[in-house]
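The next block holds one structure in the form of structure tokens; read it before the comments.
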Amino acid sequence: MRSVGTVLALVVLATLVATFARRWRIPAPSLLVVAGLAVALLPGTPEIRISPEIIGLVVLPPLLYASAEEMSWRELRAVWKPVGVLSIGLVLASAAAVGAVASLITPLSWQMALVVGAVLASTDPVAVTALGRRLALPPKVQVLVQAESLFNDATSLVLFRVAVSVAVASAAASWGSAAGEFALLAGGGTVIGAAVAGVVALIRRRTEDPVLETVIALVTPYAAYVLAEAAHTSGVTSVVVAGVVLGGTGDRLTSARIRLQLHAVYGTVVFLLESVVFSLIGLALPAQVQALSDGDKAWPLYALAIAATLIAVRLLWLAPLSAVVQRKGGIGRTNWRVPVVLTWAGTRGVVPLAAALSVPESLAQRPLVLVLTTSVVVVTLVVQGFTLASVVRRSGIALEPDHTEREEAAARCSLAGAGLSRLDDISELEAVPDVVVDRLRRGLTARLEDATDRLSAANGDTTPSESADLTYRQLRRDLITVEATELQRLYDEHEISDTTRRRLQRSLDLEEARLSDA
């Protein structure tokens, strides 16, 4: 019962902190880590020990899947070359640099220093996605950061397995077998993920039950992960591939009603899991520090040095790569603001922590590896997380609010125009009553006028004015409130059944939600 109470308390704490983070417009992962640290330092707080199985099997799959589903196929194709360079080259360079620094300044043997380098070599997709949601980055930059964090785990995982085998056996690394293992992990994970996505797509095309669709969507990442791990390939890569494939075709697989329900359910699941896992990172550090020996008391300096090494290597790698990409794109003067933002966005998080937790307990220096990994994750989430928005804003590459408004307004104009054009074709059919055509035309015309007003205001041609469509939505909301009150009166006076009340209330809720999204 105590463990259940601890879990419930953690969920409540994480949810409250994440809610306040959204209200205060600060990065939730960073605040959750700080809150976790603060709670762990309070007297009487139970010791928190994180199981690698819980992180790897329960938490990671849905979070990775949700991040991969947000990936745009079009933007991913545009940046696949630099993503490949970063996912392999930068991971190898970061692992080597961190391993060298750790072996020089820490009590770790060179084998265990290589383990630390492999664990921290890749950026974390969960942290990157969570921090990136509130940033107005250009699409290609956003996709580059997110895709790198999703696809570099295969390289990091191979390095980690090689490093652990070297540390356990105290033997030289076999880089030939490592290359074969990388092909097996990445290639096998890709094949299994694509196969799972294909099977799920076939099932979802033949399913119209919202509850069954929701269950399938929740089970898909776990199926991709478990099947890949059972085949000794990369479960992370499998989940990512399944998410990318299904994310690009999801709109064509289900109806609007099912998509709305899936969005709500997955949003809740991701919110809870992210809130809990980032709180756990902060909660776990004090207990890990207590397990250190007396000779490891300088761990804060070690962690800061390793974090600085990761940032420096990332900047040194990204600067020339960005210059080459910009030159090939026809840009004469190199813009150094992009590599700076990309460097600062490379945070560590859940995936490195899960890898560190899986280090065999038989290794004597495992406690220091855990502390260094967790503390570097905390440093990147807190320091880079809290300042990332400021760095993006000062760089000048962030999209202005008017840009998004202008793009959305132009798209709304195009949608309404397409609808009116189709309506003109339909109106020529004698089978369609004029009253129906007029009703549809009034609605589309109002939407077109509202979008045109928004576009003019975004372009600075006119000052924002209250359009007829906006007035309609405001009045309709008032009328819905009145209707909901009348519905409750009918139920209270036993004039309608509970079934009828729920059905009509849902109809009013759906209409009000549509008005809010318009």
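Labeling convention for the structure tokens: chains A, B, ... as they appear, residues from 1 per chain, ligands from 1 in order of appearance.
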Note to self: So that I can see what lies close to Pro300 (chain A), please list as a list in words the residues with an atom at most 12 Å from it, counting only C-alpha atoms and leaving out residues fewer than 4 positions away in the same chain.
What the structure shows: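 Near neighbours after the sequence-gap exclusion: Ile105, Thr106, Leu285, Val289, Asp296, Leu304, Ala305, Ile306, Ala307, Leu368, Val371, Leu372, Thr373, Thr374, Ser375, Val376, Val378 and Val379 of chain A.
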Give me the region 42-107 of chain A side of the contact with region 338-361 of chain A, cut-off 8 Å, one line per residue showing its nearest atom pair and distance in Å at one decimal, counting only C-alpha atoms, sorted by chain and residue number, as a tab-separated table.
```
residue	atom	partner	partner_atom	distance
A:Ile50	CA	A:Leu357	CA	7.8
A:Ser51	CA	A:Leu357	CA	7.3
A:Pro52	CA	A:Leu357	CA	5.4
A:Ile55	CA	A:Ala354	CA	6.1
A:Gly56	CA	A:Ala354	CA	6.3
A:Leu60	CA	A:Val351	CA	7.7
```
Note to self: Counting only C-alpha atoms, which residue out of A:Arg447, A:Arg489, A:Arg22, A:Lys81 sits closest to Thr471 (chain A)?
What the structure shows: A:Arg447
Find the spatial neighbours of Ser94 (chain A), counting only C-alpha atoms, within a cut-off of 10 Å - ignore same-chain residues fewer than 2 positions away - and output them as an mmCIF file with C-alpha atoms, in the first residue's frame.
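Result went into around-v1.cif, see below:
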```cif
data_model
loop_
_atom_site.group_PDB
_atom_site.id
_atom_site.type_symbol
_atom_site.label_atom_id
_atom_site.label_comp_id
_atom_site.auth_asym_id
_atom_site.auth_seq_id
_atom_site.Cartn_x
_atom_site.Cartn_y
_atom_site.Cartn_z
ATOM 1 C CA GLY A 89 28.741 10.980 -36.704
ATOM 2 C CA LEU A 90 27.813 13.293 -33.848
ATOM 3 C CA VAL A 91 26.888 10.386 -31.569
ATOM 4 C CA LEU A 92 30.287 8.755 -32.144
ATOM 5 C CA ALA A 96 34.490 9.591 -27.690
ATOM 6 C CA ALA A 97 34.831 13.091 -26.233
ATOM 7 C CA VAL A 98 32.824 12.356 -23.092
ATOM 8 C CA GLY A 99 34.661 9.062 -22.610
ATOM 9 C CA ALA A 100 38.026 10.816 -22.865
ATOM 10 C CA GLY A 117 30.051 8.451 -23.121
ATOM 11 C CA ALA A 118 27.803 5.949 -24.879
ATOM 12 C CA LEU A 120 25.027 10.395 -22.917
ATOM 13 C CA ALA A 121 25.968 10.500 -26.607
ATOM 14 C CA SER A 122 22.431 10.833 -27.999
ATOM 15 C CA SER A 156 23.961 5.141 -29.042
ATOM 16 C CA THR A 309 31.905 18.749 -23.230
ATOM 17 C CA LEU A 310 28.619 17.645 -24.803
ATOM 18 C CA ILE A 311 27.667 21.232 -25.648
ATOM 19 C CA ALA A 312 31.121 22.051 -27.045
ATOM 20 C CA VAL A 313 31.310 18.931 -29.228
ATOM 21 C CA ARG A 314 27.788 19.527 -30.496
ATOM 22 C CA TRP A 317 30.068 19.505 -35.129
#
```
Next item on the list: Record the distance separating CA of Leu420 (chain A) and CA of Ala457 (chain A), expressed in Å with one decimal.
Entry: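 Atom-to-atom, CA of Leu420 (chain A) to CA of Ala457 (chain A), that is 23.0 Å.
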Checklist line | DSSP-assigned alpha helix (DSSP H) members of region 327-461 of chain A, reported as a count of residues only | finding: 95
Next item on the list: Kindly indicate which residue among A:Ala411, A:Leu280, A:Ala231, A:Ala446 lies nearest to Val33 (chain A), using only C-alpha atoms for the distances.
Entry: A:Leu280
Quick one: residues within 12 Å of Ile397 (chain A), only C-alpha atoms, excluding same-chain residues fewer than 5 positions away - as a PDB file with N, CA and C atoms, in the first residue's frame?
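Output (selection_10.pdb):
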```
ATOM      1  N   LEU A 135       8.029  26.283 -28.682  1.00  0.00           N
ATOM      2  CA  LEU A 135       8.931  27.142 -29.438  1.00  0.00           C
ATOM      3  C   LEU A 135       8.428  27.314 -30.871  1.00  0.00           C
ATOM      4  N   ALA A 136       8.542  28.532 -31.386  1.00  0.00           N
ATOM      5  CA  ALA A 136       8.086  28.820 -32.746  1.00  0.00           C
ATOM      6  C   ALA A 136       9.259  28.699 -33.715  1.00  0.00           C
ATOM      7  N   LEU A 137       9.839  27.489 -33.783  1.00  0.00           N
ATOM      8  CA  LEU A 137      10.974  27.268 -34.670  1.00  0.00           C
ATOM      9  C   LEU A 137      10.493  27.073 -36.102  1.00  0.00           C
ATOM     10  N   PRO A 138      11.327  27.432 -37.089  1.00  0.00           N
ATOM     11  CA  PRO A 138      10.981  27.109 -38.474  1.00  0.00           C
ATOM     12  C   PRO A 138      10.804  25.607 -38.637  1.00  0.00           C
ATOM     13  N   PRO A 139       9.911  25.177 -39.535  1.00  0.00           N
ATOM     14  CA  PRO A 139       9.601  23.743 -39.651  1.00  0.00           C
ATOM     15  C   PRO A 139      10.827  22.854 -39.847  1.00  0.00           C
ATOM     16  N   LYS A 140      11.751  23.246 -40.725  1.00  0.00           N
ATOM     17  CA  LYS A 140      12.909  22.389 -40.984  1.00  0.00           C
ATOM     18  C   LYS A 140      13.811  22.270 -39.760  1.00  0.00           C
ATOM     19  N   VAL A 141      13.984  23.366 -39.028  1.00  0.00           N
ATOM     20  CA  VAL A 141      14.822  23.325 -37.828  1.00  0.00           C
ATOM     21  C   VAL A 141      14.173  22.434 -36.772  1.00  0.00           C
ATOM     22  N   GLN A 142      12.860  22.583 -36.593  1.00  0.00           N
ATOM     23  CA  GLN A 142      12.146  21.769 -35.613  1.00  0.00           C
ATOM     24  C   GLN A 142      12.234  20.284 -35.963  1.00  0.00           C
ATOM     25  N   ASN A 335      24.770  31.755 -41.702  1.00  0.00           N
ATOM     26  CA  ASN A 335      24.027  32.179 -40.520  1.00  0.00           C
ATOM     27  C   ASN A 335      24.409  31.268 -39.356  1.00  0.00           C
ATOM     28  N   TRP A 336      25.126  31.825 -38.389  1.00  0.00           N
ATOM     29  CA  TRP A 336      25.598  31.025 -37.260  1.00  0.00           C
ATOM     30  C   TRP A 336      24.557  30.885 -36.157  1.00  0.00           C
ATOM     31  N   ARG A 337      23.427  31.562 -36.307  1.00  0.00           N
ATOM     32  CA  ARG A 337      22.408  31.481 -35.267  1.00  0.00           C
ATOM     33  C   ARG A 337      21.725  30.112 -35.257  1.00  0.00           C
ATOM     34  N   VAL A 338      21.598  29.494 -36.441  1.00  0.00           N
ATOM     35  CA  VAL A 338      20.945  28.183 -36.505  1.00  0.00           C
ATOM     36  C   VAL A 338      21.731  27.116 -35.742  1.00  0.00           C
ATOM     37  N   PRO A 339      23.056  26.959 -35.969  1.00  0.00           N
ATOM     38  CA  PRO A 339      23.775  25.942 -35.186  1.00  0.00           C
ATOM     39  C   PRO A 339      23.771  26.216 -33.689  1.00  0.00           C
ATOM     40  N   VAL A 340      23.732  27.487 -33.285  1.00  0.00           N
ATOM     41  CA  VAL A 340      23.671  27.799 -31.849  1.00  0.00           C
ATOM     42  C   VAL A 340      22.359  27.285 -31.255  1.00  0.00           C
ATOM     43  N   VAL A 341      21.253  27.538 -31.957  1.00  0.00           N
ATOM     44  CA  VAL A 341      19.956  27.058 -31.474  1.00  0.00           C
ATOM     45  C   VAL A 341      19.913  25.535 -31.470  1.00  0.00           C
ATOM     46  N   LEU A 342      20.414  24.912 -32.536  1.00  0.00           N
ATOM     47  CA  LEU A 342      20.439  23.448 -32.600  1.00  0.00           C
ATOM     48  C   LEU A 342      21.298  22.864 -31.482  1.00  0.00           C
ATOM     49  N   ALA A 389      14.077  29.013 -24.774  1.00  0.00           N
ATOM     50  CA  ALA A 389      13.165  29.975 -25.395  1.00  0.00           C
ATOM     51  C   ALA A 389      13.846  31.323 -25.594  1.00  0.00           C
ATOM     52  N   SER A 390      14.644  31.741 -24.608  1.00  0.00           N
ATOM     53  CA  SER A 390      15.363  33.011 -24.729  1.00  0.00           C
ATOM     54  C   SER A 390      16.402  32.948 -25.839  1.00  0.00           C
ATOM     55  N   VAL A 391      17.100  31.813 -25.951  1.00  0.00           N
ATOM     56  CA  VAL A 391      18.104  31.660 -27.015  1.00  0.00           C
ATOM     57  C   VAL A 391      17.440  31.718 -28.386  1.00  0.00           C
ATOM     58  N   VAL A 392      16.315  31.031 -28.531  1.00  0.00           N
ATOM     59  CA  VAL A 392      15.592  31.048 -29.810  1.00  0.00           C
ATOM     60  C   VAL A 392      15.117  32.452 -30.135  1.00  0.00           C
TER      61      VAL A 392
END
```
Check: For Ile88 (chain A), which residue among A:Ser149, A:Ser30, A:Ser275, A:Thr445 is the nearest when counting only C-alpha atoms?
Finding: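 Among A:Ser149, A:Ser30, A:Ser275, A:Thr445, it is A:Ser149 that comes nearest to Ile88 (chain A).
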Checklist line | Straight-line distance linking CA of Gln261 (chain A) with CA of Pro210 (chain A), stated in Å to one decimal | finding: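 These two atoms are separated by 7.3 Å.
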